[in-house]
Amino acid sequence: MKWINPAIKGLRRGIQRLPLNSSVEIRITRLCSQRCRQCNVYQRKTIPATMSWENFQITAERLRSYGAHIGFISGGEATLVPHLDKILVEAKQTFSTATTLVTGLINQIDIIKRIGKLALENNINIQTSLDGMGGLGDSLRGVNNFSSTVLANMKLLTTMRGNSKSLLYANIVLNNLNLDQVPELIARARDLGWMTTIGLYHTLTATTRDDREMQLQPGKRLDKLLDFLENNDDILNLNSFIRGIKPFVENKKSSICAFLDSPFLSTRTTIMENGDVHLCFGAPIGNIFESELGQIFSGSCYHTRLKQYRQCPGCWTTCYTQRHLLTHPRSLNELRDNYHKIKLIKASAGRK
């Protein structure tokens, strides 16, 4: 039974008071085909710019040794990596619950077809970004014909899907410029057979850029959109997350920190192309090319970082906060809503 080894490792981590390592994002390259206003990953100076196949094998082996459950393969633009096909197959064998390819779908059409076919055949989920239509999309993502290109490639992958159990979904980062377009973005994704997730623009991590025009502002525009998003089965977000957006935008603080409130279940790690291991904000807590993950989570850098997070006003992100809300419902209504969303995700991926 496939679940036995992960369960044993999870129990061991609990006894050791170490994170379960429930979610891992591996950013395999800083190279990117877009120049997003919210992101500066392409400005990183690491050499080499892309994680080698050999170093990815080291990363995967150390993740398997420690235990890894949900994985995201991203960049930069992951499809720019020549050995992405081997990486995806290895990742599928590494993460026990789900593997997702995160791609902006801005690349040569033959590469999109080849990588898409591989992901779909291996039931690897595909996430893209759809932040704006027309000129606004071009401005937010820094490329010409952004929305038409991404929508065309989303349609292509839908036609290739067949009996694949891959979940296809587009992430929309809410910002003060695109609020009026979000219902249309959700509808366009739905019409192509894709689900949608909602994120919030933030400047929390080292690769996010401060843009005052994008900062969410409270008001009638946001309130109207949040009314539209609540109980909306075209999006995969928890209702508790949607309901929490307005108070967070108004107060700029949150009482929830996934890393402090639920270090075992809700810790999310990000591994950069040079092997550096990050939590959310702050310097790396170690390097997976150099150390086992158990050593990193047992080390002084990890515990010092948690102490620093106690001074943080908090955040409201899908990566951190929503993961905590999923495993820590605050009422019977939230528990019921969470169960409904889990069923929706399974149905959307063809796992009835």
# chains A, B, ... in the order shown; residues from 1 in each chain; ligands from 1
$ residues_around --residues "range 51-57 of chain A" --least-positions-apart "6" --cutoff "7 Å" --atoms "only C-alpha atoms" --output "ChimeraX atom specification"
/A:28-29,83,273-274,289
$ select_by_dssp --residues "range 16-231 of chain A" --states "strand (DSSP E or B)" --output "number ranges by chain"
A: 23-27, 29, 39, 50, 70-74, 98-102, 125-129, 168-174, 195-200, 208
$ residues_around --residues "Thr267 in chain A" --least-positions-apart "3" --cutoff "9 Å" --atoms "only C-alpha atoms" --output "list of chain:residue names"
A:Pro19, A:Leu20, A:Asn21, A:Ser22, A:Ser23, A:Val24, A:Ala258, A:Phe259, A:Leu260, A:Ser262, A:Pro263, A:Phe264, A:Leu279, A:Tyr320, A:Arg323, A:His324
$ select_by_dssp --residues "range 124-218 of chain A" --states "helix (DSSP H, G or I)" --output "ChimeraX atom specification"
/A:134-141,146-160,179-191,212-214
$ atom_distance --atom1 "CA of Leu335 in chain A" --atom2 "CA of Leu238 in chain A"
10.1 Å
$ closest_residue --among "A:Arg209, A:Thr269, A:Pro218, A:Glu230" --to "Lys246 in chain A" --atoms "only C-alpha atoms"
A:Pro218
$ residues_around --residues "Cys32 in chain A" --least-positions-apart "4" --cutoff "6 Å" --atoms "only C-alpha atoms" --output "NGL selection string"
:A and (42 or 76-77)
$ write_last_selection --atoms "all heavy atoms" --output "mmCIF file, in the first residue's frame"
data_model
loop_
_atom_site.group_PDB
_atom_site.id
_atom_site.type_symbol
_atom_site.label_atom_id
_atom_site.label_comp_id
_atom_site.auth_asym_id
_atom_site.auth_seq_id
_atom_site.Cartn_x
_atom_site.Cartn_y
_atom_site.Cartn_z
ATOM 1 N N TYR A 42 13.689 36.747 -12.492
ATOM 2 C CA TYR A 42 14.602 36.746 -13.635
ATOM 3 C C TYR A 42 15.820 37.641 -13.386
ATOM 4 O O TYR A 42 16.794 37.601 -14.154
ATOM 5 C CB TYR A 42 13.875 37.197 -14.900
ATOM 6 C CG TYR A 42 13.297 38.592 -14.819
ATOM 7 C CD1 TYR A 42 14.047 39.695 -15.190
ATOM 8 C CD2 TYR A 42 12.003 38.806 -14.359
ATOM 9 C CE1 TYR A 42 13.523 40.979 -15.111
ATOM 10 C CE2 TYR A 42 11.475 40.076 -14.271
ATOM 11 C CZ TYR A 42 12.238 41.156 -14.646
ATOM 12 O OH TYR A 42 11.729 42.428 -14.562
ATOM 13 N N GLY A 76 10.895 31.076 -12.227
ATOM 14 C CA GLY A 76 11.034 31.240 -13.660
ATOM 15 C C GLY A 76 9.981 30.470 -14.469
ATOM 16 O O GLY A 76 8.897 30.208 -14.025
ATOM 17 N N GLU A 77 10.357 30.169 -15.674
ATOM 18 C CA GLU A 77 9.508 29.395 -16.572
ATOM 19 C C GLU A 77 10.092 27.993 -16.709
ATOM 20 O O GLU A 77 11.123 27.786 -17.342
ATOM 21 C CB GLU A 77 9.396 30.071 -17.931
ATOM 22 C CG GLU A 77 8.637 29.273 -18.986
ATOM 23 C CD GLU A 77 7.298 28.755 -18.481
ATOM 24 O OE1 GLU A 77 6.479 29.579 -18.015
ATOM 25 O OE2 GLU A 77 7.076 27.525 -18.537
#
$ atom_distance --atom1 "CA of Ala98 in chain A" --atom2 "CA of Ile70 in chain A"
4.9 Å
$ decode --residues "range 72-91 of chain A" --atoms "N, CA and C atoms" --output "JSON list (two decimals), in the first residue's frame"
[["chain", "number", "residue", "atom", "x", "y", "z"],
["A", 72, "PHE", "N", 5.47, 21.08, -6.24],
["A", 72, "PHE", "CA", 5.29, 22.01, -7.35],
["A", 72, "PHE", "C", 6.62, 22.20, -8.05],
["A", 73, "ILE", "N", 6.66, 22.00, -9.36],
["A", 73, "ILE", "CA", 7.86, 22.24, -10.16],
["A", 73, "ILE", "C", 7.64, 23.54, -10.91],
["A", 74, "SER", "N", 8.45, 24.56, -10.60],
["A", 74, "SER", "CA", 8.21, 25.89, -11.15],
["A", 74, "SER", "C", 9.52, 26.55, -11.53],
["A", 75, "GLY", "N", 9.44, 27.87, -11.82],
["A", 75, "GLY", "CA", 10.61, 28.65, -12.14],
["A", 75, "GLY", "C", 10.51, 30.02, -11.50],
["A", 76, "GLY", "N", 10.90, 31.08, -12.23],
["A", 76, "GLY", "CA", 11.03, 31.24, -13.66],
["A", 76, "GLY", "C", 9.98, 30.47, -14.47],
["A", 77, "GLU", "N", 10.36, 30.17, -15.67],
["A", 77, "GLU", "CA", 9.51, 29.39, -16.57],
["A", 77, "GLU", "C", 10.09, 27.99, -16.71],
["A", 78, "ALA", "N", 9.40, 27.03, -16.11],
["A", 78, "ALA", "CA", 9.93, 25.66, -16.04],
["A", 78, "ALA", "C", 10.13, 25.05, -17.40],
["A", 79, "THR", "N", 9.30, 25.41, -18.40],
["A", 79, "THR", "CA", 9.42, 24.78, -19.71],
["A", 79, "THR", "C", 10.66, 25.24, -20.48],
["A", 80, "LEU", "N", 11.42, 26.19, -19.93],
["A", 80, "LEU", "CA", 12.68, 26.59, -20.55],
["A", 80, "LEU", "C", 13.82, 25.64, -20.19],
["A", 81, "VAL", "N", 13.57, 24.71, -19.28],
["A", 81, "VAL", "CA", 14.60, 23.78, -18.83],
["A", 81, "VAL", "C", 14.65, 22.57, -19.77],
["A", 82, "PRO", "N", 15.78, 22.31, -20.42],
["A", 82, "PRO", "CA", 15.85, 21.23, -21.42],
["A", 82, "PRO", "C", 15.54, 19.85, -20.85],
["A", 83, "HIS", "N", 15.90, 19.61, -19.60],
["A", 83, "HIS", "CA", 15.69, 18.29, -19.01],
["A", 83, "HIS", "C", 14.44, 18.25, -18.13],
["A", 84, "LEU", "N", 13.45, 19.11, -18.42],
["A", 84, "LEU", "CA", 12.22, 19.14, -17.63],
["A", 84, "LEU", "C", 11.48, 17.81, -17.70],
["A", 85, "ASP", "N", 11.53, 17.13, -18.84],
["A", 85, "ASP", "CA", 10.82, 15.86, -18.95],
["A", 85, "ASP", "C", 11.31, 14.87, -17.90],
["A", 86, "LYS", "N", 12.64, 14.77, -17.73],
["A", 86, "LYS", "CA", 13.19, 13.86, -16.72],
["A", 86, "LYS", "C", 12.85, 14.32, -15.31],
["A", 87, "ILE", "N", 12.86, 15.63, -15.11],
["A", 87, "ILE", "CA", 12.53, 16.18, -13.80],
["A", 87, "ILE", "C", 11.10, 15.83, -13.42],
["A", 88, "LEU", "N", 10.15, 15.96, -14.35],
["A", 88, "LEU", "CA", 8.76, 15.68, -14.03],
["A", 88, "LEU", "C", 8.54, 14.21, -13.68],
["A", 89, "VAL", "N", 9.18, 13.32, -14.41],
["A", 89, "VAL", "CA", 9.04, 11.89, -14.12],
["A", 89, "VAL", "C", 9.61, 11.59, -12.73],
["A", 90, "GLU", "N", 10.76, 12.18, -12.42],
["A", 90, "GLU", "CA", 11.38, 11.98, -11.10],
["A", 90, "GLU", "C", 10.52, 12.59, -9.99],
["A", 91, "ALA", "N", 9.96, 13.76, -10.26],
["A", 91, "ALA", "CA", 9.10, 14.42, -9.26],
["A", 91, "ALA", "C", 7.87, 13.58, -8.96]]
